[in-house]
$ cat data-v4.pdb   # PDB, C-alpha atoms
MODEL        1
ATOM      1  CA  GLY Q   3       0.000   0.000   0.000  1.00  0.00           C
ATOM      2  CA  ALA Q   4       0.888   3.694  -0.044  1.00  0.00           C
ATOM      3  CA  LEU Q   5       2.152   3.680   3.554  1.00  0.00           C
ATOM      4  CA  GLY Q   6       4.381   0.684   2.885  1.00  0.00           C
ATOM      5  CA  ASP Q   7       5.784   2.361  -0.227  1.00  0.00           C
ATOM      6  CA  ARG Q   8       6.579   5.568   1.677  1.00  0.00           C
ATOM      7  CA  ILE Q   9       8.348   3.650   4.433  1.00  0.00           C
ATOM      8  CA  ALA Q  10      10.232   1.526   1.908  1.00  0.00           C
ATOM      9  CA  GLY Q  11      11.334   4.683   0.132  1.00  0.00           C
ATOM     10  CA  ARG Q  12      12.693   6.292   3.290  1.00  0.00           C
ATOM     11  CA  ILE Q  13      14.536   3.118   4.307  1.00  0.00           C
ATOM     12  CA  ALA Q  14      16.075   2.991   0.849  1.00  0.00           C
ATOM     13  CA  GLU Q  15      17.122   6.645   1.132  1.00  0.00           C
ATOM     14  CA  LEU Q  16      18.696   6.152   4.543  1.00  0.00           C
ATOM     15  CA  PHE Q  17      20.578   3.001   3.636  1.00  0.00           C
ATOM     16  CA  GLN Q  18      21.342   4.025   0.021  1.00  0.00           C
ATOM     17  CA  LEU Q  19      21.024   0.434  -1.132  1.00  0.00           C
ATOM     18  CA  GLY Q  20      18.061   0.493  -3.480  1.00  0.00           C
ATOM     19  CA  MET Q  21      16.351  -1.703  -0.913  1.00  0.00           C
ATOM     20  CA  ARG Q  22      13.316  -3.625  -2.072  1.00  0.00           C
ATOM     21  CA  ILE Q  23      10.752  -4.672   0.481  1.00  0.00           C
ATOM     22  CA  GLU Q  24       8.104  -7.052  -0.712  1.00  0.00           C
ATOM     23  CA  ARG Q  25       5.673  -9.680   0.425  1.00  0.00           C
ATOM     24  CA  LEU Q  26       6.694 -13.247  -0.305  1.00  0.00           C
ATOM     25  CA  GLY Q  27       4.773 -16.475   0.018  1.00  0.00           C
ATOM     26  CA  GLY Q  28       1.107 -17.146   0.394  1.00  0.00           C
ATOM     27  CA  GLU Q  29      -1.540 -15.785   2.705  1.00  0.00           C
ATOM     28  CA  GLY Q  30      -0.877 -16.718   6.291  1.00  0.00           C
ATOM     29  CA  ASP Q  31       2.787 -17.536   5.653  1.00  0.00           C
ATOM     30  CA  PHE Q  32       4.503 -15.526   8.398  1.00  0.00           C
ATOM     31  CA  PHE Q  33       7.994 -15.888   6.983  1.00  0.00           C
ATOM     32  CA  GLY Q  34       6.502 -14.727   3.690  1.00  0.00           C
ATOM     33  CA  GLU Q  35       5.089 -11.546   5.182  1.00  0.00           C
ATOM     34  CA  PHE Q  36       8.429  -9.797   5.402  1.00  0.00           C
ATOM     35  CA  ALA Q  37      11.575  -9.885   3.378  1.00  0.00           C
ATOM     36  CA  LEU Q  38      14.363  -7.403   2.764  1.00  0.00           C
ATOM     37  CA  LEU Q  39      15.892  -7.902  -0.649  1.00  0.00           C
ATOM     38  CA  TYR Q  40      18.330  -5.758  -2.564  1.00  0.00           C
ATOM     39  CA  GLY Q  41      17.377  -4.428  -5.976  1.00  0.00           C
ATOM     40  CA  GLY Q  42      15.890  -1.348  -7.584  1.00  0.00           C
ATOM     41  CA  LYS Q  43      12.162  -1.830  -7.057  1.00  0.00           C
ATOM     42  CA  LYS Q  44      10.162  -0.867  -3.995  1.00  0.00           C
ATOM     43  CA  ARG Q  45       7.006  -2.712  -3.023  1.00  0.00           C
ATOM     44  CA  SER Q  46       4.682  -2.654  -0.082  1.00  0.00           C
ATOM     45  CA  ALA Q  47       6.395  -3.056   3.296  1.00  0.00           C
ATOM     46  CA  THR Q  48       3.217  -4.443   4.815  1.00  0.00           C
ATOM     47  CA  ILE Q  49       4.386  -5.867   8.121  1.00  0.00           C
ATOM     48  CA  VAL Q  50       6.960  -3.126   8.802  1.00  0.00           C
ATOM     49  CA  ALA Q  51       4.391  -0.424   8.062  1.00  0.00           C
ATOM     50  CA  THR Q  52       1.885  -2.094  10.388  1.00  0.00           C
ATOM     51  CA  THR Q  53       4.417  -2.436  13.204  1.00  0.00           C
ATOM     52  CA  TYR Q  54       5.549   1.157  12.650  1.00  0.00           C
ATOM     53  CA  CYS Q  55       1.979   2.411  13.182  1.00  0.00           C
ATOM     54  CA  ARG Q  56       1.496   0.168  16.225  1.00  0.00           C
ATOM     55  CA  LEU Q  57       4.560   1.653  17.884  1.00  0.00           C
ATOM     56  CA  MET Q  58       3.255   5.162  17.249  1.00  0.00           C
ATOM     57  CA  ALA Q  59      -0.147   4.150  18.631  1.00  0.00           C
ATOM     58  CA  LEU Q  60       1.557   2.923  21.815  1.00  0.00           C
ATOM     59  CA  GLY Q  61       3.137   6.353  22.200  1.00  0.00           C
ATOM     60  CA  LEU Q  62       6.671   5.812  20.879  1.00  0.00           C
ATOM     61  CA  GLU Q  63       8.259   9.233  20.365  1.00  0.00           C
ATOM     62  CA  PRO Q  64      11.347  10.060  18.275  1.00  0.00           C
ATOM     63  CA  GLY Q  65      14.510   9.215  20.175  1.00  0.00           C
ATOM     64  CA  GLN Q  66      12.836   6.780  22.559  1.00  0.00           C
ATOM     65  CA  THR Q  67      14.216   3.271  22.919  1.00  0.00           C
ATOM     66  CA  VAL Q  68      12.597  -0.088  22.175  1.00  0.00           C
ATOM     67  CA  CYS Q  69      14.438  -3.049  23.715  1.00  0.00           C
ATOM     68  CA  ILE Q  70      14.388  -6.461  21.985  1.00  0.00           C
ATOM     69  CA  LEU Q  71      15.156  -9.700  23.824  1.00  0.00           C
ATOM     70  CA  GLY Q  72      14.965 -12.919  21.839  1.00  0.00           C
ATOM     71  CA  PHE Q  73      16.646 -15.274  19.407  1.00  0.00           C
ATOM     72  CA  ASN Q  74      16.988 -14.446  15.693  1.00  0.00           C
ATOM     73  CA  ARG Q  75      13.416 -14.414  14.395  1.00  0.00           C
ATOM     74  CA  PRO Q  76      11.395 -12.348  11.900  1.00  0.00           C
ATOM     75  CA  GLU Q  77       9.783 -10.351  14.722  1.00  0.00           C
ATOM     76  CA  TRP Q  78      13.248  -9.187  15.820  1.00  0.00           C
ATOM     77  CA  ILE Q  79      13.996  -7.661  12.412  1.00  0.00           C
ATOM     78  CA  ILE Q  80      10.467  -6.320  11.987  1.00  0.00           C
ATOM     79  CA  MET Q  81      10.556  -4.467  15.320  1.00  0.00           C
ATOM     80  CA  ASP Q  82      14.115  -3.262  14.731  1.00  0.00           C
ATOM     81  CA  VAL Q  83      13.422  -1.715  11.310  1.00  0.00           C
ATOM     82  CA  ALA Q  84       9.987  -0.375  12.321  1.00  0.00           C
ATOM     83  CA  ALA Q  85      11.378   1.302  15.443  1.00  0.00           C
ATOM     84  CA  MET Q  86      14.187   3.000  13.484  1.00  0.00           C
ATOM     85  CA  THR Q  87      11.800   4.126  10.753  1.00  0.00           C
ATOM     86  CA  ALA Q  88       9.472   5.608  13.381  1.00  0.00           C
ATOM     87  CA  GLY Q  89      12.357   7.646  14.768  1.00  0.00           C
ATOM     88  CA  GLY Q  90      12.864   5.289  17.687  1.00  0.00           C
ATOM     89  CA  VAL Q  91      16.046   3.559  18.816  1.00  0.00           C
ATOM     90  CA  PRO Q  92      16.094  -0.256  19.006  1.00  0.00           C
ATOM     91  CA  ALA Q  93      18.420  -1.886  21.531  1.00  0.00           C
ATOM     92  CA  GLY Q  94      18.999  -5.626  21.527  1.00  0.00           C
ATOM     93  CA  ILE Q  95      19.612  -7.670  24.672  1.00  0.00           C
ATOM     94  CA  TYR Q  96      21.452 -11.013  24.688  1.00  0.00           C
ATOM     95  CA  THR Q  97      19.172 -13.955  25.519  1.00  0.00           C
ATOM     96  CA  THR Q  98      21.772 -15.260  27.973  1.00  0.00           C
ATOM     97  CA  CYS Q  99      21.550 -12.149  30.164  1.00  0.00           C
ATOM     98  CA  SER Q 100      20.347 -12.664  33.731  1.00  0.00           C
ATOM     99  CA  ALA Q 101      17.254 -10.924  35.076  1.00  0.00           C
ATOM    100  CA  GLU Q 102      19.463  -8.317  36.734  1.00  0.00           C
ATOM    101  CA  GLU Q 103      21.364  -7.660  33.498  1.00  0.00           C
ATOM    102  CA  VAL Q 104      18.120  -7.384  31.528  1.00  0.00           C
ATOM    103  CA  GLN Q 105      16.792  -4.887  34.078  1.00  0.00           C
ATOM    104  CA  TYR Q 106      19.987  -2.850  33.880  1.00  0.00           C
ATOM    105  CA  ILE Q 107      19.835  -2.467  30.092  1.00  0.00           C
ATOM    106  CA  ILE Q 108      16.095  -1.710  29.936  1.00  0.00           C
ATOM    107  CA  ALA Q 109      16.470   0.881  32.705  1.00  0.00           C
ATOM    108  CA  HIS Q 110      19.671   2.374  31.277  1.00  0.00           C
ATOM    109  CA  ALA Q 111      18.062   2.694  27.833  1.00  0.00           C
ATOM    110  CA  GLU Q 112      14.909   4.132  29.453  1.00  0.00           C
ATOM    111  CA  ALA Q 113      12.809   1.846  27.249  1.00  0.00           C
ATOM    112  CA  ARG Q 114       9.045   2.173  27.509  1.00  0.00           C
ATOM    113  CA  ILE Q 115       8.407  -0.731  25.125  1.00  0.00           C
ATOM    114  CA  VAL Q 116      10.092  -4.150  25.161  1.00  0.00           C
ATOM    115  CA  LEU Q 117       9.746  -7.056  22.711  1.00  0.00           C
ATOM    116  CA  LEU Q 118      10.291 -10.496  24.285  1.00  0.00           C
ATOM    117  CA  GLU Q 119      10.542 -13.901  22.669  1.00  0.00           C
ATOM    118  CA  ASP Q 120       8.732 -16.092  25.184  1.00  0.00           C
ATOM    119  CA  GLU Q 121       7.562 -16.747  28.716  1.00  0.00           C
ATOM    120  CA  SER Q 122      11.069 -17.473  30.031  1.00  0.00           C
ATOM    121  CA  GLN Q 123      12.298 -14.027  28.967  1.00  0.00           C
ATOM    122  CA  TRP Q 124       9.147 -12.474  30.424  1.00  0.00           C
ATOM    123  CA  GLU Q 125       9.974 -14.072  33.786  1.00  0.00           C
ATOM    124  CA  LYS Q 126      13.256 -12.149  33.823  1.00  0.00           C
ATOM    125  CA  VAL Q 127      11.403  -8.880  33.261  1.00  0.00           C
ATOM    126  CA  ARG Q 128       8.556  -9.761  35.632  1.00  0.00           C
ATOM    127  CA  SER Q 129      10.978 -10.418  38.493  1.00  0.00           C
ATOM    128  CA  GLU Q 130      12.447  -6.910  38.051  1.00  0.00           C
ATOM    129  CA  LEU Q 131       9.272  -4.895  37.386  1.00  0.00           C
ATOM    130  CA  ASP Q 132       9.673  -2.924  40.618  1.00  0.00           C
ATOM    131  CA  ASN Q 133      12.981  -1.665  39.236  1.00  0.00           C
ATOM    132  CA  LEU Q 134      11.549  -0.730  35.820  1.00  0.00           C
ATOM    133  CA  PRO Q 135       9.264   2.241  36.547  1.00  0.00           C
ATOM    134  CA  LYS Q 136       9.362   3.563  32.964  1.00  0.00           C
ATOM    135  CA  LEU Q 137       8.356   0.294  31.301  1.00  0.00           C
ATOM    136  CA  GLU Q 138       4.803   0.595  29.931  1.00  0.00           C
ATOM    137  CA  HIS Q 139       4.359  -2.132  27.317  1.00  0.00           C
ATOM    138  CA  VAL Q 140       5.706  -5.641  26.824  1.00  0.00           C
ATOM    139  CA  VAL Q 141       5.087  -7.269  23.421  1.00  0.00           C
ATOM    140  CA  LEU Q 142       5.568 -11.017  22.954  1.00  0.00           C
ATOM    141  CA  MET Q 143       6.729 -12.692  19.759  1.00  0.00           C
ATOM    142  CA  ARG Q 144       4.422 -15.143  18.022  1.00  0.00           C
ATOM    143  CA  GLY Q 145       3.403 -18.235  19.957  1.00  0.00           C
ATOM    144  CA  ALA Q 146       3.913 -16.768  23.447  1.00  0.00           C
ATOM    145  CA  LYS Q 147       1.117 -15.707  25.777  1.00  0.00           C
ATOM    146  CA  VAL Q 148       1.192 -14.208  29.268  1.00  0.00           C
ATOM    147  CA  GLU Q 149      -1.647 -12.829  31.373  1.00  0.00           C
ATOM    148  CA  HIS Q 150      -0.504  -9.449  32.675  1.00  0.00           C
ATOM    149  CA  ASP Q 151      -1.689  -5.863  32.286  1.00  0.00           C
ATOM    150  CA  LEU Q 152       1.604  -4.799  30.672  1.00  0.00           C
ATOM    151  CA  VAL Q 153       1.738  -7.646  28.157  1.00  0.00           C
ATOM    152  CA  LEU Q 154       0.441  -7.828  24.588  1.00  0.00           C
ATOM    153  CA  THR Q 155       0.633 -10.877  22.371  1.00  0.00           C
ATOM    154  CA  TRP Q 156       2.020 -10.290  18.881  1.00  0.00           C
ATOM    155  CA  GLU Q 157      -1.515 -10.441  17.469  1.00  0.00           C
ATOM    156  CA  GLU Q 158      -2.853  -7.977  20.061  1.00  0.00           C
ATOM    157  CA  PHE Q 159       0.034  -5.635  19.344  1.00  0.00           C
ATOM    158  CA  LEU Q 160      -0.640  -5.668  15.589  1.00  0.00           C
ATOM    159  CA  ALA Q 161      -4.271  -4.745  16.250  1.00  0.00           C
ATOM    160  CA  LYS Q 162      -3.406  -1.434  17.955  1.00  0.00           C
ATOM    161  CA  ALA Q 163      -3.079   1.206  15.257  1.00  0.00           C
ATOM    162  CA  GLU Q 164      -6.190   3.259  15.896  1.00  0.00           C
ATOM    163  CA  GLY Q 165      -5.741   7.011  15.920  1.00  0.00           C
ATOM    164  CA  VAL Q 166      -2.579   7.186  13.798  1.00  0.00           C
ATOM    165  CA  GLU Q 167      -3.232   9.669  10.984  1.00  0.00           C
ATOM    166  CA  ASP Q 168      -1.422   9.739   7.628  1.00  0.00           C
ATOM    167  CA  SER Q 169      -0.163  13.226   8.464  1.00  0.00           C
ATOM    168  CA  GLU Q 170       1.516  11.900  11.627  1.00  0.00           C
ATOM    169  CA  VAL Q 171       3.151   9.111   9.642  1.00  0.00           C
ATOM    170  CA  ASP Q 172       4.439  11.539   7.022  1.00  0.00           C
ATOM    171  CA  ALA Q 173       5.759  13.945   9.657  1.00  0.00           C
ATOM    172  CA  ARG Q 174       7.633  11.151  11.422  1.00  0.00           C
ATOM    173  CA  LEU Q 175       9.157   9.928   8.161  1.00  0.00           C
ATOM    174  CA  ASP Q 176      10.136  13.459   7.149  1.00  0.00           C
ATOM    175  CA  GLY Q 177      11.835  13.939  10.510  1.00  0.00           C
ATOM    176  CA  LEU Q 178      14.360  11.168   9.895  1.00  0.00           C
ATOM    177  CA  ALA Q 179      17.892  12.400   9.243  1.00  0.00           C
ATOM    178  CA  PRO Q 180      21.249  10.642   8.719  1.00  0.00           C
ATOM    179  CA  GLU Q 181      22.714  12.162  11.878  1.00  0.00           C
ATOM    180  CA  ASN Q 182      19.860  10.893  14.078  1.00  0.00           C
ATOM    181  CA  LEU Q 183      20.541   8.109  16.563  1.00  0.00           C
ATOM    182  CA  ALA Q 184      19.494   4.838  14.890  1.00  0.00           C
ATOM    183  CA  THR Q 185      20.357   2.075  17.339  1.00  0.00           C
ATOM    184  CA  LEU Q 186      22.048   1.246  20.630  1.00  0.00           C
ATOM    185  CA  ILE Q 187      24.429  -1.718  20.681  1.00  0.00           C
ATOM    186  CA  TYR Q 188      25.108  -2.874  24.240  1.00  0.00           C
ATOM    187  CA  THR Q 189      28.439  -4.489  25.019  1.00  0.00           C
ATOM    188  CA  SER Q 190      28.490  -7.915  26.647  1.00  0.00           C
ATOM    189  CA  GLY Q 191      29.482  -6.488  30.015  1.00  0.00           C
ATOM    190  CA  THR Q 192      32.358  -8.901  30.662  1.00  0.00           C
ATOM    191  CA  THR Q 193      34.554  -6.155  32.154  1.00  0.00           C
ATOM    192  CA  GLY Q 194      31.807  -4.154  33.864  1.00  0.00           C
ATOM    193  CA  PRO Q 195      28.245  -2.954  33.299  1.00  0.00           C
ATOM    194  CA  PRO Q 196      27.177  -3.118  29.625  1.00  0.00           C
ATOM    195  CA  LYS Q 197      27.784   0.104  27.716  1.00  0.00           C
ATOM    196  CA  GLY Q 198      25.393   1.411  25.068  1.00  0.00           C
ATOM    197  CA  VAL Q 199      27.245   2.241  21.842  1.00  0.00           C
ATOM    198  CA  MET Q 200      25.357   4.960  19.949  1.00  0.00           C
ATOM    199  CA  LEU Q 201      25.174   4.493  16.161  1.00  0.00           C
ATOM    200  CA  SER Q 202      23.528   6.978  13.794  1.00  0.00           C
ATOM    201  CA  HIS Q 203      21.668   6.252  10.559  1.00  0.00           C
ATOM    202  CA  HIS Q 204      24.760   7.526   8.763  1.00  0.00           C
ATOM    203  CA  ASN Q 205      26.957   5.039  10.656  1.00  0.00           C
ATOM    204  CA  LEU Q 206      24.763   2.176   9.473  1.00  0.00           C
ATOM    205  CA  SER Q 207      24.279   3.415   5.915  1.00  0.00           C
ATOM    206  CA  TRP Q 208      28.010   4.042   5.378  1.00  0.00           C
ATOM    207  CA  THR Q 209      28.875   0.548   6.619  1.00  0.00           C
ATOM    208  CA  ALA Q 210      26.103  -1.048   4.562  1.00  0.00           C
ATOM    209  CA  SER Q 211      27.235   0.820   1.440  1.00  0.00           C
ATOM    210  CA  LEU Q 212      30.796  -0.386   1.961  1.00  0.00           C
ATOM    211  CA  ILE Q 213      29.610  -3.977   2.426  1.00  0.00           C
ATOM    212  CA  LYS Q 214      27.655  -3.727  -0.803  1.00  0.00           C
ATOM    213  CA  GLN Q 215      30.776  -2.560  -2.651  1.00  0.00           C
ATOM    214  CA  LEU Q 216      32.870  -5.407  -1.249  1.00  0.00           C
ATOM    215  CA  LEU Q 217      30.201  -8.097  -1.526  1.00  0.00           C
ATOM    216  CA  PRO Q 218      27.710  -7.413  -4.326  1.00  0.00           C
ATOM    217  CA  ILE Q 219      24.354  -8.720  -3.113  1.00  0.00           C
ATOM    218  CA  GLY Q 220      21.448  -9.586  -5.359  1.00  0.00           C
ATOM    219  CA  PRO Q 221      17.857 -10.751  -4.894  1.00  0.00           C
ATOM    220  CA  SER Q 222      18.868 -14.381  -5.444  1.00  0.00           C
ATOM    221  CA  ASP Q 223      21.490 -14.386  -2.674  1.00  0.00           C
ATOM    222  CA  CYS Q 224      20.973 -15.968   0.748  1.00  0.00           C
ATOM    223  CA  SER Q 225      22.907 -15.462   3.971  1.00  0.00           C
ATOM    224  CA  LEU Q 226      23.171 -17.547   7.128  1.00  0.00           C
ATOM    225  CA  SER Q 227      22.164 -15.815  10.346  1.00  0.00           C
ATOM    226  CA  TYR Q 228      24.299 -17.252  13.140  1.00  0.00           C
ATOM    227  CA  LEU Q 229      25.398 -14.375  15.379  1.00  0.00           C
ATOM    228  CA  PRO Q 230      22.815 -12.941  17.794  1.00  0.00           C
ATOM    229  CA  LEU Q 231      20.941 -10.070  16.154  1.00  0.00           C
ATOM    230  CA  CYS Q 232      21.880  -7.778  19.026  1.00  0.00           C
ATOM    231  CA  HIS Q 233      25.451  -8.009  17.641  1.00  0.00           C
ATOM    232  CA  ILE Q 234      26.042  -5.232  15.103  1.00  0.00           C
ATOM    233  CA  ALA Q 235      27.856  -7.575  12.686  1.00  0.00           C
ATOM    234  CA  GLU Q 236      24.737  -9.733  12.373  1.00  0.00           C
ATOM    235  CA  GLN Q 237      22.550  -6.672  11.812  1.00  0.00           C
ATOM    236  CA  MET Q 238      24.788  -5.308   9.054  1.00  0.00           C
ATOM    237  CA  PHE Q 239      24.961  -8.590   7.143  1.00  0.00           C
TER     238      PHE Q 239
ENDMDL
END

$ encode --input "data-v4.pdb" --output "structure tokens"
Amino acid sequence: GALGDRIAGRIAELFQLGMRIERLGGEGDFFGEFALLYGGKKRSATIVATTYCRLMALGLEPGQTVCILGFNRPEWIIMDVAAMTAGGVPAGIYTTCSAEEVQYIIAHAEARIVLLEDESQWEKVRSELDNLPKLEHVVLMRGAKVEHDLVLTWEEFLAKAEGVEDSEVDARLDGLAPENLATLIYTSGTTGPPKGVMLSHHNLSWTASLIKQLLPIGPSDCSLSYLPLCHIAEQMF
């Protein structure tokens, strides 16, 4: 649709890669709902556009952080790209982090919204809720369900876009700039508390452009995702 095309266009501008976002697979095929391919043509970014609007409906403002805690899954990428496109700042958390470490990163990033993979990751957050006063919404990836006032299933989250006007979407897209903060990459914390490395859209686009020059990528290419997505090397490749 028109919204998906506008978002796809701005992502392509920011990353300077002629990015093509299109729907693959049949109806109801989740892995077919979202794909980032490299080429010249832009198509509807359906699931990213939907997630983008949901984040705005939940009150995400430019510069605010969205934390993501889970293994490499489509929802991770969807939330990451949607948050950046909405002017937000995604911050990944390693799945091996303890409850105390998870609390530290969420609190340090001042995240109001957190995406979690499953019930076991929710338990880490739940045990530290008293120390997370700014946390307002917890979204679960597909297949997980928890009964709590803060928690939304993936399906419930995708149903919350009421009240987001086209003018608001356009204004948010127009407000994106290369120098804006794009993501926070937290260190592993082996020598002390994790540190949030601040990377701008320009940081990411310059690196991505260089990768494209060194490794020409086409629509028929596939890559193996093996590093955690909260590692910047996995995000760039």

$ atom_distance --input "data-v4.pdb" --atom1 "CA of Leu160 in chain Q" --atom2 "CA of Ile49 in chain Q"
9.0 Å

$ residues_near_point --input "data-v4.pdb" --point "(5.6, -21.1, 30.6)" --cutoff "12 Å" --atoms "all atoms listed in the file" --output "list in words"
Glu119, Asp120, Glu121, Ser122, Gln123, Trp124, Glu125, Gly145, Ala146, Lys147, Val148 and Glu149 of chain Q

$ atom_distance --input "data-v4.pdb" --atom1 "CA of Leu201 in chain Q" --atom2 "CA of Val127 in chain Q"
25.7 Å

$ residues_around --input "data-v4.pdb" --residues "Arg144 in chain Q" --least-positions-apart "4" --cutoff "12 Å" --atoms "only C-alpha atoms" --output "PyMOL selection string"
chain Q and resi 32-33+72+75-78+117-121+148+154-160

$ write_last_selection --input "data-v4.pdb" --atoms "C-alpha atoms" --output "mmCIF file, in the frame of the given file"
data_model
loop_
_atom_site.group_PDB
_atom_site.id
_atom_site.type_symbol
_atom_site.label_atom_id
_atom_site.label_comp_id
_atom_site.auth_asym_id
_atom_site.auth_seq_id
_atom_site.Cartn_x
_atom_site.Cartn_y
_atom_site.Cartn_z
ATOM 1 C CA PHE Q 32 4.503 -15.526 8.398
ATOM 2 C CA PHE Q 33 7.994 -15.888 6.983
ATOM 3 C CA GLY Q 72 14.965 -12.919 21.839
ATOM 4 C CA ARG Q 75 13.416 -14.414 14.395
ATOM 5 C CA PRO Q 76 11.395 -12.348 11.900
ATOM 6 C CA GLU Q 77 9.783 -10.351 14.722
ATOM 7 C CA TRP Q 78 13.248 -9.187 15.820
ATOM 8 C CA LEU Q 117 9.746 -7.056 22.711
ATOM 9 C CA LEU Q 118 10.291 -10.496 24.285
ATOM 10 C CA GLU Q 119 10.542 -13.901 22.669
ATOM 11 C CA ASP Q 120 8.732 -16.092 25.184
ATOM 12 C CA GLU Q 121 7.562 -16.747 28.716
ATOM 13 C CA VAL Q 148 1.192 -14.208 29.268
ATOM 14 C CA LEU Q 154 0.441 -7.828 24.588
ATOM 15 C CA THR Q 155 0.633 -10.877 22.371
ATOM 16 C CA TRP Q 156 2.020 -10.290 18.881
ATOM 17 C CA GLU Q 157 -1.515 -10.441 17.469
ATOM 18 C CA GLU Q 158 -2.853 -7.977 20.061
ATOM 19 C CA PHE Q 159 0.034 -5.635 19.344
ATOM 20 C CA LEU Q 160 -0.640 -5.668 15.589
#

$ atom_distance --input "data-v4.pdb" --atom1 "CA of Gln237 in chain Q" --atom2 "CA of Ala109 in chain Q"
23.0 Å

$ closest_residue --input "data-v4.pdb" --among "Q:Ser169, Q:Leu217, Q:Arg128, Q:Ala210" --to "Met238 in chain Q" --atoms "only C-alpha atoms"
Q:Ala210

$ resolve_selection --input "data-v4.pdb" --expression "the PyMOL selection byres ((chain Q and resi 183) around 9)" --output "NGL selection string"
:Q and (65 or 86 or 89-91 or 179-182 or 184-186 or 200-204)

$ resolve_selection --input "data-v4.pdb" --expression "the PyMOL selection byres ((chain Q and resi 166) around 10)" --output "list in words"
Cys55, Arg56, Leu57, Met58, Ala59, Leu60, Lys162, Ala163, Glu164, Gly165, Glu167, Asp168, Ser169, Glu170 and Val171 of chain Q

$ axis_aligned_box --input "data-v4.pdb" --around "range 151-165 of chain Q" --padding-each-side "6 Å" --output "lines of an AutoDock Vina configuration file"
center_x = -2.1
center_y = -1.9
center_z = 23.8
size_x = 20.2
size_y = 29.9
size_z = 29.0

$ resolve_selection --input "data-v4.pdb" --expression "the PyMOL selection byres ((chain Q and resi 191) around 12)" --output "PyMOL selection string"
chain Q and resi 95-96+98-100+103-104+106-107+187-190+192-198

$ closest_residue --input "data-v4.pdb" --among "Q:Val83, Q:Ile115, Q:Ala51, Q:Ala173" --to "Val68 in chain Q" --atoms "only C-alpha atoms"
Q:Ile115

$ closest_residue --input "data-v4.pdb" --among "Q:Ala88, Q:Leu229, Q:Leu134, Q:Val141" --to "Leu175 in chain Q" --atoms "all atoms listed in the file"
Q:Ala88

$ build_atoms --input "data-v4.pdb" --residues "range 207-218 of chain Q" --atoms "N, CA, C and O atoms" --output "compact mmCIF listing (two decimals), keeping the file's coordinate frame"
# COMPACT_ATOMS: atom_id res chain seq x y z
N SER Q 207 24.36 3.34 7.38
CA SER Q 207 24.28 3.42 5.92
C SER Q 207 25.67 3.39 5.28
O SER Q 207 25.87 2.77 4.24
N TRP Q 208 26.65 4.05 5.92
CA TRP Q 208 28.01 4.04 5.38
C TRP Q 208 28.58 2.63 5.40
O TRP Q 208 29.16 2.15 4.41
N THR Q 209 28.38 1.92 6.51
CA THR Q 209 28.88 0.55 6.62
C THR Q 209 28.18 -0.36 5.62
O THR Q 209 28.82 -1.19 4.96
N ALA Q 210 26.85 -0.22 5.50
CA ALA Q 210 26.10 -1.05 4.56
C ALA Q 210 26.54 -0.78 3.12
O ALA Q 210 26.65 -1.71 2.32
N SER Q 211 26.79 0.48 2.79
CA SER Q 211 27.24 0.82 1.44
C SER Q 211 28.59 0.20 1.15
O SER Q 211 28.83 -0.30 0.04
N LEU Q 212 29.48 0.21 2.14
CA LEU Q 212 30.80 -0.39 1.96
C LEU Q 212 30.69 -1.90 1.77
O LEU Q 212 31.37 -2.48 0.92
N ILE Q 213 29.82 -2.53 2.56
CA ILE Q 213 29.61 -3.98 2.43
C ILE Q 213 29.11 -4.31 1.03
O ILE Q 213 29.54 -5.28 0.40
N LYS Q 214 28.20 -3.47 0.53
CA LYS Q 214 27.66 -3.73 -0.80
C LYS Q 214 28.74 -3.63 -1.86
O LYS Q 214 28.75 -4.38 -2.85
N GLN Q 215 29.68 -2.69 -1.69
CA GLN Q 215 30.78 -2.56 -2.65
C GLN Q 215 31.70 -3.78 -2.61
O GLN Q 215 32.16 -4.26 -3.64
N LEU Q 216 31.96 -4.28 -1.41
CA LEU Q 216 32.87 -5.41 -1.25
C LEU Q 216 32.22 -6.73 -1.62
O LEU Q 216 32.87 -7.61 -2.18
N LEU Q 217 30.93 -6.85 -1.29
CA LEU Q 217 30.20 -8.10 -1.53
C LEU Q 217 28.91 -7.78 -2.26
O LEU Q 217 27.87 -7.58 -1.63
N PRO Q 218 28.94 -7.71 -3.58
CA PRO Q 218 27.71 -7.41 -4.33
C PRO Q 218 26.61 -8.41 -3.98
O PRO Q 218 26.80 -9.62 -4.07
